$ cat data-v1.cif   # mmCIF, C-alpha atoms
data_model
#
loop_
_atom_site.label_atom_id
_atom_site.label_comp_id
_atom_site.auth_asym_id
_atom_site.auth_seq_id
_atom_site.Cartn_x
_atom_site.Cartn_y
_atom_site.Cartn_z
CA MET A 29 0.00 0.00 0.00
CA ALA A 30 1.35 3.43 -0.98
CA VAL A 31 2.23 5.80 1.85
CA PHE A 32 -0.19 8.72 2.12
CA ASP A 33 1.46 12.04 1.20
CA PHE A 34 -0.80 15.05 1.79
CA GLN A 35 1.45 17.36 -0.23
CA LYS A 36 1.37 15.07 -3.26
CA ASP A 37 -2.04 13.44 -2.95
CA VAL A 38 -3.97 16.59 -2.07
CA LEU A 39 -2.12 19.87 -2.63
CA GLU A 40 -0.26 18.99 -5.83
CA LYS A 41 -3.14 16.91 -7.19
CA SER A 42 -5.54 19.81 -6.61
CA ARG A 43 -3.64 21.82 -9.22
CA GLN A 44 -4.92 19.34 -11.81
CA VAL A 45 -8.39 18.51 -10.47
CA PRO A 46 -10.42 19.53 -7.38
CA VAL A 47 -9.72 17.27 -4.39
CA VAL A 48 -12.39 16.80 -1.71
CA VAL A 49 -10.88 15.78 1.63
CA ASP A 50 -13.05 13.95 4.16
CA PHE A 51 -11.53 14.38 7.62
CA TRP A 52 -12.82 11.52 9.78
CA ALA A 53 -11.97 9.11 12.60
CA PRO A 54 -12.99 5.48 13.28
CA TRP A 55 -14.76 6.38 16.55
CA CYS A 56 -16.94 9.05 14.88
CA ALA A 57 -20.46 7.70 14.19
CA PRO A 58 -21.52 10.59 11.89
CA CYS A 59 -18.32 10.01 9.91
CA ARG A 60 -19.34 6.39 9.28
CA THR A 61 -22.67 7.64 7.94
CA LEU A 62 -21.20 10.40 5.77
CA GLY A 63 -18.32 8.32 4.41
CA PRO A 64 -20.26 5.94 2.12
CA VAL A 65 -22.41 8.80 0.77
CA ILE A 66 -19.47 10.96 -0.24
CA GLN A 67 -17.66 7.91 -1.64
CA GLN A 68 -20.69 7.15 -3.80
CA LEU A 69 -20.72 10.71 -5.09
CA ALA A 70 -17.00 10.50 -5.87
CA GLY A 71 -17.63 7.32 -7.85
CA GLU A 72 -20.32 9.11 -9.86
CA ALA A 73 -18.14 12.17 -10.55
CA ASN A 74 -16.41 10.66 -13.60
CA GLY A 75 -13.10 12.22 -12.59
CA ARG A 76 -14.40 15.78 -12.25
CA TRP A 77 -13.15 15.68 -8.65
CA GLN A 78 -11.33 13.20 -6.45
CA LEU A 79 -11.90 12.11 -2.88
CA VAL A 80 -9.19 11.71 -0.25
CA LYS A 81 -10.03 10.47 3.24
CA VAL A 82 -7.83 11.66 6.10
CA ASN A 83 -7.98 9.86 9.43
CA THR A 84 -7.46 12.62 11.99
CA GLU A 85 -6.17 10.10 14.55
CA GLU A 86 -3.36 9.06 12.22
CA HIS A 87 -2.67 12.53 10.81
CA GLN A 88 -3.06 14.85 13.79
CA GLN A 89 -0.62 17.47 12.43
CA ILE A 90 -2.61 17.83 9.22
CA ALA A 91 -5.84 18.11 11.21
CA LYS A 92 -4.25 20.79 13.40
CA LYS A 93 -2.91 22.72 10.39
CA TYR A 94 -6.38 22.90 8.86
CA ALA A 95 -8.11 23.71 12.16
CA ILE A 96 -10.21 20.55 12.32
CA GLN A 97 -12.06 21.01 15.60
CA SER A 98 -14.99 18.70 14.93
CA ILE A 99 -15.62 15.84 12.54
CA PRO A 100 -16.79 14.97 10.02
CA ASN A 101 -15.24 17.93 8.27
CA VAL A 102 -15.03 18.13 4.48
CA LYS A 103 -12.82 20.58 2.59
CA MET A 104 -12.45 21.15 -1.14
CA PHE A 105 -8.94 21.92 -2.35
CA TYR A 106 -8.20 23.54 -5.70
CA GLY A 107 -4.95 25.11 -6.83
CA GLY A 108 -3.34 24.05 -3.57
CA LYS A 109 -5.84 25.96 -1.43
CA VAL A 110 -9.11 25.32 0.40
CA ILE A 111 -11.91 26.89 -1.64
CA ALA A 112 -14.96 25.47 0.19
CA GLU A 113 -15.84 23.36 3.23
CA PHE A 114 -18.61 22.08 5.44
CA ALA A 115 -18.82 20.37 8.81
CA GLY A 116 -21.23 17.75 10.07
CA ASN A 117 -23.16 14.90 8.52
CA LEU A 118 -25.12 16.43 5.65
CA PRO A 119 -27.70 14.45 3.65
CA LYS A 120 -26.82 13.47 0.10
CA HIS A 121 -28.86 16.18 -1.63
CA GLN A 122 -27.16 18.92 0.42
CA ILE A 123 -23.71 17.54 -0.40
CA GLU A 124 -24.67 17.49 -4.09
CA LYS A 125 -25.77 21.12 -3.84
CA TRP A 126 -22.50 22.01 -2.09
CA LEU A 127 -20.50 20.32 -4.84
CA THR A 128 -22.49 22.03 -7.60
CA SER A 129 -22.01 25.43 -5.97
CA HIS A 130 -18.27 25.16 -5.40
CA LEU A 131 -16.70 22.88 -8.00
CA PRO A 132 -14.63 24.96 -10.44
CA ASP A 133 -15.87 24.78 -14.03
CA PRO A 134 -13.06 23.51 -16.29
CA ARG A 135 -14.46 25.63 -19.12
CA ASN A 136 -13.60 28.84 -17.30
CA GLY A 137 -10.02 28.69 -18.53
CA GLU A 138 -11.07 28.80 -22.18
CA PHE A 139 -13.60 31.56 -21.48
CA GLN A 140 -11.02 33.70 -19.68
CA GLN A 141 -8.61 33.30 -22.59
CA ILE A 142 -11.28 34.55 -25.00
CA LEU A 143 -12.04 37.50 -22.70
CA SER A 144 -8.38 38.49 -22.53
CA ARG A 145 -8.20 38.72 -26.35
CA LEU A 146 -11.44 40.61 -27.03
CA GLU A 147 -9.83 44.05 -27.09
CA TYR A 148 -7.11 43.28 -29.62
CA ASP A 149 -7.93 40.04 -31.48
CA PRO A 150 -10.59 40.46 -34.22
CA ASN A 151 -11.26 36.70 -34.10
CA ALA A 152 -12.07 36.68 -30.37
CA PHE A 153 -15.66 37.89 -30.80
CA ALA A 154 -16.49 35.03 -33.20
CA GLN A 155 -14.86 32.63 -30.73
CA LEU A 156 -17.06 34.03 -27.95
CA VAL A 157 -20.18 33.51 -30.07
CA THR A 158 -19.14 29.90 -30.74
CA PHE A 159 -18.31 29.36 -27.06
CA VAL A 160 -21.79 30.53 -26.00
CA GLN A 161 -23.42 28.29 -28.61
CA GLU A 162 -21.44 25.27 -27.38
CA ASN A 163 -21.86 26.12 -23.68
CA PRO A 164 -25.35 27.60 -23.31
CA ASP A 165 -25.33 27.04 -19.55
CA MET A 166 -22.34 29.36 -19.00
CA GLY A 167 -24.15 32.41 -17.65
CA GLU A 168 -21.11 34.69 -17.53
CA ALA A 169 -20.38 34.03 -21.21
CA ARG A 170 -24.00 34.80 -22.11
CA LEU A 171 -23.84 38.01 -20.09
CA THR A 172 -20.61 39.11 -21.77
CA LEU A 173 -21.93 38.46 -25.28
CA ALA A 174 -25.23 40.21 -24.51
CA GLY A 175 -23.35 43.29 -23.35
CA MET A 176 -21.24 43.32 -26.50
CA ILE A 177 -24.17 43.13 -28.92
CA LEU A 178 -26.45 45.37 -26.86
CA ALA A 179 -26.23 48.46 -29.08
CA GLU A 180 -26.25 46.55 -32.36
CA ASN A 181 -29.01 44.08 -31.56
CA PRO A 182 -30.90 44.74 -28.30
CA GLU A 183 -33.56 42.12 -29.10
CA GLN A 184 -30.94 39.39 -29.42
CA ALA A 185 -29.27 40.59 -26.23
CA ILE A 186 -32.57 40.15 -24.37
CA GLU A 187 -32.94 36.68 -25.87
CA LEU A 188 -29.45 35.71 -24.70
CA LEU A 189 -30.32 36.75 -21.15
CA GLU A 190 -33.51 34.67 -20.99
CA PRO A 191 -32.01 31.89 -18.78
CA LEU A 192 -30.56 34.41 -16.29
CA LYS A 193 -33.74 34.97 -14.32
CA SER A 194 -34.50 35.68 -10.69
CA GLY A 195 -32.54 33.35 -8.43
CA HIS A 196 -29.60 33.03 -10.82
CA PRO A 197 -26.32 34.44 -9.38
CA LEU A 198 -26.04 36.79 -12.39
CA ALA A 199 -29.71 37.82 -12.44
CA ASP A 200 -29.07 41.40 -11.27
CA HIS A 201 -26.38 42.00 -13.91
CA ALA A 202 -28.61 40.45 -16.56
CA GLU A 203 -31.50 42.71 -15.53
CA ASP A 204 -29.34 45.80 -16.01
CA ILE A 205 -28.43 44.80 -19.56
CA ARG A 206 -32.04 43.78 -20.23
CA THR A 207 -33.23 47.20 -19.07
CA MET A 208 -30.78 49.06 -21.32
CA ALA A 209 -31.82 46.83 -24.22
CA GLN A 210 -35.45 47.75 -23.53
CA LEU A 211 -34.55 51.44 -23.63
CA LEU A 212 -32.59 51.05 -26.88
CA SER A 213 -35.58 49.37 -28.53
CA PHE A 214 -38.20 51.64 -26.92
CA GLU A 215 -40.99 52.78 -29.26
CA THR A 216 -44.21 54.63 -28.47
CA GLU A 217 -46.88 56.73 -30.16
CA ASP A 218 -47.25 58.71 -26.94
CA LYS A 219 -46.47 62.41 -27.47
CA SER A 220 -46.33 63.36 -23.81
CA PRO A 221 -43.30 65.31 -22.48
CA ALA A 222 -42.14 62.25 -20.46
CA ALA A 223 -42.34 60.08 -23.57
CA ASN A 224 -40.39 62.60 -25.66
CA LYS A 225 -37.63 62.77 -23.04
CA LEU A 226 -37.45 58.96 -22.91
CA LYS A 227 -37.17 58.74 -26.70
CA ALA A 228 -34.41 61.35 -26.64
CA ALA A 229 -32.65 59.32 -23.93
CA ARG A 230 -32.86 56.31 -26.21
CA GLU A 231 -31.08 58.25 -28.98
CA ALA A 232 -28.41 59.45 -26.56
CA LEU A 233 -27.80 55.91 -25.39
CA TRP A 234 -27.48 54.73 -29.00
CA SER A 235 -24.63 57.28 -29.28
CA SER A 236 -23.06 56.10 -26.01
CA ASP A 237 -23.64 59.59 -24.60
CA TRP A 238 -23.90 58.55 -20.96
CA GLN A 239 -24.23 62.08 -19.58
CA GLY A 240 -26.91 63.04 -22.07
CA THR A 241 -28.76 59.79 -21.40
CA LEU A 242 -28.77 60.40 -17.64
CA GLU A 243 -29.89 64.02 -18.10
CA LEU A 244 -32.86 63.00 -20.25
CA LEU A 245 -33.83 60.00 -18.13
CA ILE A 246 -33.96 62.10 -14.97
CA GLU A 247 -35.99 64.75 -16.79
CA SER A 248 -38.43 62.04 -17.87
CA ILE A 249 -38.69 60.81 -14.29
CA SER A 250 -39.40 64.35 -13.08
CA LEU A 251 -42.26 64.60 -15.58
CA ASN A 252 -43.78 61.15 -14.98
CA LYS A 253 -41.80 58.60 -13.02
CA ASN A 254 -44.35 55.84 -13.70
CA PHE A 255 -44.28 56.21 -17.50
CA ALA A 256 -43.55 53.01 -19.52
CA GLY A 257 -43.40 50.81 -16.44
CA GLU A 258 -40.84 53.08 -14.76
CA LEU A 259 -38.38 52.43 -17.57
CA ALA A 260 -36.55 55.73 -17.00
CA ARG A 261 -35.95 54.89 -13.32
CA LYS A 262 -34.80 51.34 -14.08
CA ALA A 263 -32.53 52.50 -16.90
CA THR A 264 -30.93 55.18 -14.71
CA ILE A 265 -30.10 52.59 -12.05
CA ALA A 266 -28.76 50.22 -14.72
CA ILE A 267 -26.44 52.95 -16.02
CA PHE A 268 -25.20 53.73 -12.50
CA HIS A 269 -24.38 50.03 -12.09
CA HIS A 270 -22.65 49.94 -15.49
CA LEU A 271 -20.53 53.02 -14.81
CA GLY A 272 -19.87 52.15 -11.16
CA GLU A 273 -20.92 54.17 -8.13
CA LYS A 274 -17.53 55.93 -7.99
CA HIS A 275 -17.74 57.18 -11.59
CA GLU A 276 -17.98 60.99 -11.81
CA LEU A 277 -21.31 60.81 -13.65
CA SER A 278 -22.78 58.48 -11.03
CA ARG A 279 -21.69 60.83 -8.24
CA LYS A 280 -23.04 63.85 -10.14
CA TYR A 281 -26.45 62.43 -11.06
CA ARG A 282 -27.26 60.29 -8.01
CA PRO A 283 -28.54 63.26 -5.97
CA ARG A 284 -30.61 64.59 -8.90
CA PHE A 285 -32.02 61.11 -9.46
CA SER A 286 -33.10 60.87 -5.81
CA MET A 287 -34.72 64.31 -5.95
CA ALA A 288 -36.62 63.40 -9.12
CA LEU A 289 -38.01 60.29 -7.45
CA TYR A 290 -39.07 61.90 -4.19
#

$ encode --input "data-v1.cif" --output "structure tokens"
Amino acid sequence: MAVFDFQKDVLEKSRQVPVVVDFWAPWCAPCRTLGPVIQQLAGEANGRWQLVKVNTEEHQQIAKKYAIQSIPNVKMFYGGKVIAEFAGNLPKHQIEKWLTSHLPDPRNGEFQQILSRLEYDPNAFAQLVTFVQENPDMGEARLTLAGMILAENPEQAIELLEPLKSGHPLADHAEDIRTMAQLLSFETEDKSPAANKLKAAREALWSSDWQGTLELLIESISLNKNFAGELARKATIAIFHHLGEKHELSRKYRPRFSMALY
């Protein structure tokens, strides 16, 4: 039997694939319940992650180093570091949820490479489109592509964001892009002053005139804040999020926005 080497079997291995370490002891009844469940999940993982069991009685220094104060204790290592953990005997469905939430996605490397080339490589955009088509569940890729095509094709941007609904980790970011897409495609026969200001804001946004867009949106809010389902209010907030709260335009127009609302 090979001698257990934490450095090799966990830390170095975790640079290739996530390693889930189950800290346990023979006297621990909850450990004996958890052990078979997590082993079953490891067997079903098809190599996406590996399981290592560490007997805290036999490896007290390792347990001390990783502050194991109660067992069972499960830690996920990736890149030589702990990236997630839980303590106690969780049921199978909760362990599955924990794994789903914390396992690194191996596709992120390819996505990050595409992102890094977008500003200077004319082929990177086409590669992003292909990546989204081949990986429709990658929310961050969908969000990035939607933001890039927003001005050119707001309807397609909205379609791309369809899966990123309430409850999704990227739902708030998706809603901001969706709101700006709605403003860019806004049409109305209404001739009211609020409607005219909102249409002018749409034209300013088409020109990437952020200051002009904010000016006109806030004027529309002052005239009728409820017009078009509060689109002017929602679009103003979306622009603040896009620019960042520390941006000079956000700092300048935040107080005027608040006054227009109240």

$ resolve_selection --input "data-v1.cif" --expression "the PyMOL selection byres ((chain A and resi 107-119) around 10)" --output "ChimeraX atom specification"
/A:35,38-51,57-63,65-66,94,96-106,120-124,126-127,129-132

$ closest_residue --input "data-v1.cif" --among "A:Ile246, A:Leu69, A:Ala256, A:Met208" --to "Lys125 in chain A" --atoms "only C-alpha atoms"
A:Leu69

$ axis_aligned_box --input "data-v1.cif" --around "range 66-84 of chain A" --padding-each-side "6 Å" --output "AutoDock Vina command-line options"
--center_x -14.1 --center_y 11.5 --center_z -0.8 --size_x 25.3 --size_y 20.6 --size_z 37.6

$ residues_around --input "data-v1.cif" --residues "range 202-207 of chain A" --least-positions-apart "3" --cutoff "6 Å" --atoms "all atoms listed in the file" --output "list in words"
Ile186, Ala199, Gln210, Ala263 and Ala266 of chain A

$ atom_distance --input "data-v1.cif" --atom1 "CA of Asp33 in chain A" --atom2 "CA of Gly75 in chain A"
20.1 Å

$ atom_distance --input "data-v1.cif" --atom1 "CA of Met287 in chain A" --atom2 "CA of Ser250 in chain A"
8.5 Å

$ resolve_selection --input "data-v1.cif" --expression "the PyMOL selection byres ((chain A and resi 198) around 12)" --output "VMD selection string"
chain A and resid 166 to 172 189 to 197 199 to 205

$ closest_residue --input "data-v1.cif" --among "A:Leu143, A:Gln67, A:Gly272, A:Pro182" --to "Leu156 in chain A" --atoms "all atoms listed in the file"
A:Leu143

$ atom_distance --input "data-v1.cif" --atom1 "CA of Leu245 in chain A" --atom2 "CA of Ala260 in chain A"
5.2 Å

$ residues_around --input "data-v1.cif" --residues "Leu188 in chain A" --least-positions-apart "3" --cutoff "7 Å" --atoms "only C-alpha atoms" --output "PDB file with C-alpha atoms, in the coordinates of the input"
ATOM      1  CA  ARG A 170     -24.000  34.800 -22.110  1.00  0.00           C
ATOM      2  CA  ALA A 174     -25.230  40.210 -24.510  1.00  0.00           C
ATOM      3  CA  GLN A 184     -30.940  39.390 -29.420  1.00  0.00           C
ATOM      4  CA  ALA A 185     -29.270  40.590 -26.230  1.00  0.00           C
TER       5      ALA A 185
END

$ residues_around --input "data-v1.cif" --residues "Ala152 in chain A" --least-positions-apart "2" --cutoff "12 Å" --atoms "all atoms listed in the file" --output "list in words"
Glu138, Phe139, Gln140, Gln141, Ile142, Leu143, Ser144, Arg145, Leu146, Glu147, Tyr148, Asp149, Pro150, Ala154, Gln155, Leu156, Val157, Thr158, Phe159, Leu173 and Met176 of chain A
